[in-house]
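Trainee: protein-v8.cif is reproduced in full below (mmCIF, C-alpha atoms).
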```
data_start
#
loop_
_atom_site.label_atom_id
_atom_site.label_comp_id
_atom_site.auth_asym_id
_atom_site.auth_seq_id
_atom_site.Cartn_x
_atom_site.Cartn_y
_atom_site.Cartn_z
CA MET A 196 107.49 69.28 78.46
CA ALA A 197 105.26 69.49 81.54
CA GLU A 198 101.58 70.11 81.08
CA GLN A 199 100.63 73.72 81.73
CA LYS A 200 97.89 74.05 84.35
CA TYR A 201 95.75 77.12 84.85
CA VAL A 202 93.30 78.23 87.49
CA SER A 203 90.33 80.22 86.23
CA LEU A 204 89.01 83.07 88.34
CA GLN A 205 85.28 83.65 88.56
CA GLN A 206 84.10 87.12 87.55
CA ASP A 207 81.46 88.73 89.78
CA SER A 208 80.67 91.56 87.40
CA GLY A 209 78.23 90.94 84.58
CA LYS A 210 79.55 93.98 82.68
CA ILE A 211 82.86 92.47 81.52
CA ASN A 212 83.15 89.45 79.26
CA GLY A 213 86.21 87.20 79.25
CA ASN A 214 88.11 85.14 81.76
CA VAL A 215 91.21 85.36 83.88
CA GLU A 216 93.51 82.37 84.09
CA ILE A 217 96.52 82.09 86.40
CA SER A 218 99.30 79.61 85.65
CA HIS A 219 100.17 77.15 88.42
CA GLN A 220 103.75 78.43 88.10
CA VAL A 221 102.61 81.92 89.05
CA ILE A 222 100.97 80.47 92.16
CA GLU A 223 104.22 78.65 93.01
CA ILE A 224 106.19 81.89 92.59
CA LEU A 225 103.73 83.84 94.72
CA LEU A 226 103.91 81.24 97.52
CA GLY A 227 107.71 81.06 97.24
CA ILE A 228 108.11 84.81 97.65
CA ALA A 229 105.65 84.90 100.57
CA THR A 230 107.57 82.08 102.27
CA ASN A 231 110.98 83.69 101.72
CA GLN A 232 109.78 86.90 103.38
CA VAL A 233 109.08 85.15 106.71
CA ASP A 234 111.73 85.80 109.38
CA GLY A 235 113.63 82.61 110.17
CA VAL A 236 113.50 81.20 106.62
CA TYR A 237 117.04 80.94 105.27
CA GLU A 238 116.15 79.62 101.81
CA MET A 239 113.89 77.31 99.87
CA ARG A 240 114.98 73.86 98.75
CA GLY A 241 116.16 73.92 95.19
CA THR A 242 117.73 71.63 92.67
CA ILE A 243 121.23 71.62 91.23
CA SER A 244 119.77 73.37 88.20
CA ASN A 245 118.43 76.16 90.46
CA ARG A 246 121.86 76.61 92.02
CA ILE A 247 123.60 76.79 88.65
CA ASP A 248 120.99 79.30 87.44
CA SER A 249 121.58 81.45 90.53
CA LEU A 250 125.30 81.68 89.66
CA PHE A 251 124.21 83.42 86.45
CA GLY A 252 121.78 85.71 88.25
CA ILE A 253 118.65 83.74 87.36
CA ILE A 254 116.41 83.41 90.40
CA ASN A 255 113.57 80.89 90.49
CA HIS A 256 111.12 82.24 93.09
CA GLY A 257 108.96 79.12 92.74
CA LYS A 258 111.68 76.70 93.84
CA GLY A 259 110.80 74.61 96.85
CA VAL A 260 107.05 74.90 96.21
CA ASP A 261 104.79 72.20 94.82
CA VAL A 262 101.17 73.09 94.06
CA SER A 263 98.47 70.54 93.32
CA PHE A 264 94.89 70.92 92.17
CA ASN A 265 92.07 68.53 93.06
CA ASP A 266 88.66 69.58 91.80
CA ASP A 267 88.24 73.14 93.11
CA GLN A 268 90.82 72.79 95.88
CA ILE A 269 94.41 73.99 95.83
CA SER A 270 97.02 72.53 98.13
CA ALA A 271 100.69 73.37 98.44
CA ASP A 272 103.85 71.87 99.87
CA VAL A 273 106.76 74.17 100.70
CA TYR A 274 110.25 72.87 101.41
CA VAL A 275 112.44 75.20 103.49
CA TYR A 276 115.75 75.55 105.26
CA LEU A 277 115.42 77.51 108.49
CA ASP A 278 117.95 79.51 110.46
CA TYR A 279 119.37 77.54 113.37
CA GLY A 280 117.88 78.65 116.70
CA VAL A 281 114.42 79.72 115.51
CA SER A 282 111.22 78.16 116.79
CA ILE A 283 110.27 75.71 114.05
CA PRO A 284 106.55 75.60 114.97
CA LYS A 285 106.28 79.42 115.10
CA VAL A 286 108.11 79.97 111.80
CA SER A 287 106.08 77.20 110.12
CA LEU A 288 102.84 78.79 111.29
CA GLU A 289 104.01 82.19 109.98
CA ILE A 290 104.82 80.58 106.63
CA GLN A 291 101.30 79.14 106.44
CA LYS A 292 99.67 82.45 107.41
CA SER A 293 101.78 84.49 105.00
CA ALA A 294 101.18 82.15 102.07
CA ILE A 295 97.43 81.98 102.66
CA GLU A 296 97.11 85.78 103.03
CA GLN A 297 99.21 86.59 99.95
CA LEU A 298 97.45 84.07 97.72
CA GLU A 299 94.02 85.32 98.78
CA PHE A 300 95.02 88.99 98.43
CA MET A 301 96.63 88.65 95.01
CA THR A 302 94.31 86.08 93.39
CA ASP A 303 91.14 85.68 95.49
CA LEU A 304 91.99 81.97 95.65
CA ASP A 305 91.92 79.91 98.84
CA LEU A 306 94.41 77.23 99.79
CA SER A 307 92.73 74.12 101.13
CA GLU A 308 96.01 73.16 102.83
CA ILE A 309 99.64 74.17 102.99
CA ASN A 310 102.21 71.74 104.29
CA VAL A 311 105.57 73.04 105.51
CA HIS A 312 108.50 70.64 105.20
CA VAL A 313 111.60 71.71 107.11
CA VAL A 314 114.38 69.93 105.22
CA GLY A 315 117.32 71.44 107.04
CA LEU A 316 118.82 74.08 109.28
CA ILE A 317 121.49 76.64 108.48
CA ALA A 318 123.91 77.54 111.26
CA LYS A 319 126.09 80.61 110.90
CA ARG A 320 129.42 80.41 112.71
CA ASP A 321 131.23 83.37 114.27
CA THR A 322 133.80 83.13 111.47
CA GLY A 323 131.09 83.80 108.91
CA GLU A 324 131.09 80.24 107.62
CA ILE A 325 127.76 78.57 107.00
CA GLU A 326 127.06 75.05 108.16
CA ARG A 327 124.20 73.29 106.42
CA VAL A 328 122.54 70.59 108.53
CA THR A 329 120.15 68.54 106.41
CA THR A 330 118.73 65.11 105.83
CA ASP A 331 117.35 66.12 102.45
CA LYS A 332 118.35 63.63 99.76
CA LYS A 333 117.83 66.24 96.99
CA ASP A 334 120.47 68.60 98.35
#
```
Could you write out this structure as structure tokens?
Mentor:
Amino acid sequence: MAEQKYVSLQQDSGKINGNVEISHQVIEILLGIATNQVDGVYEMRGTISNRIDSLFGIINHGKGVDVSFNDDQISADVYVYLDYGVSIPKVSLEIQKSAIEQLEFMTDLDLSEINVHVVGLIAKRDTGEIERVTTDKKD
């Protein structure tokens, strides 16, 4: 089983005793949802296990997000499929902005860096069929 990692939040108030810890998985979920809400993002990269789970209605909002902790710094890598025809630099910048804003708003934590990896494009044909164009080995 993977080691559970937590981030501790610093309390500014001297009136309340105790601490707040946020699981790294919660941070991955938060960043995954923020990324999925950006226009131009078709989906996050997942695993075969994620796809099987989705057939049963189980959604992993943290798929396609890797978070790492070094000292007091948090960095993230997000792996996305984009809609064909969007501006990759503009959508990637929106992903970074959205993720940074949501993480700061919901946790008061700052990302030291967020790397966006575009692993494929999704083209929708007039017939309604979807064509997946990818070089991702995990797909």
Trainee: Looking at A:Ile222, A:Val233, A:Ile217, A:Val262, which one is nearest to Glu308 (chain A), with distances taken over only C-alpha atoms?
Mentor: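 Comparing A:Ile222, A:Val233, A:Ile217, A:Val262 against Glu308 (chain A), the winner is A:Val262.
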Trainee: Smallest atom-to-atom distance to Ser270 (chain A): which of A:Glu326, A:Glu216, A:Asp321, A:Glu223, using only C-alpha atoms?
Mentor: A:Glu223
Trainee: Expressed in Å to a single decimal, how great is the separation between CA of Gly315 (chain A) and CA of Val275 (chain A)?
Mentor: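 Interatomic distance here is 7.1 Å.
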Trainee: Under the rule that all atoms listed in the file are counted, which of A:Ile228, A:Met239, A:Leu304, A:Val313 is the nearest residue to Tyr279 (chain A)?
Mentor: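 Among the listed residues, A:Val313 lies closest to Tyr279 (chain A).
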Trainee: Just the number, please: distance in Å from CA of Ala294 (chain A) to CA of Gly227 (chain A), one decimal.
Mentor: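 Interatomic distance here is 8.2 Å.
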Trainee: Determine the residue membership of the PyMOL selection byres ((chain A and resi 269) around 8) for the file above and supply it as a list in words.
Mentor: Val262, Ser263, Phe264, Asn265, Asp267, Gln268, Ser270, Ala271, Asp305, Leu306, Ser307 and Glu308 of chain A
Trainee: Report, in Å with one decimal, the straight-line distance from CA of Met301 (chain A) to CA of Glu289 (chain A).
Mentor: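 CA of Met301 (chain A) sits 17.9 Å away from CA of Glu289 (chain A).
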Trainee: Every residue with an atom at most 12 Å from (101.4, 80.8, 106.4) (file coordinates; only C-alpha atoms) is what I'm after, so could you write them as an MDAnalysis selection string?
Mentor: chainID A and resid 226:234 271:273 284:299 306 308:311
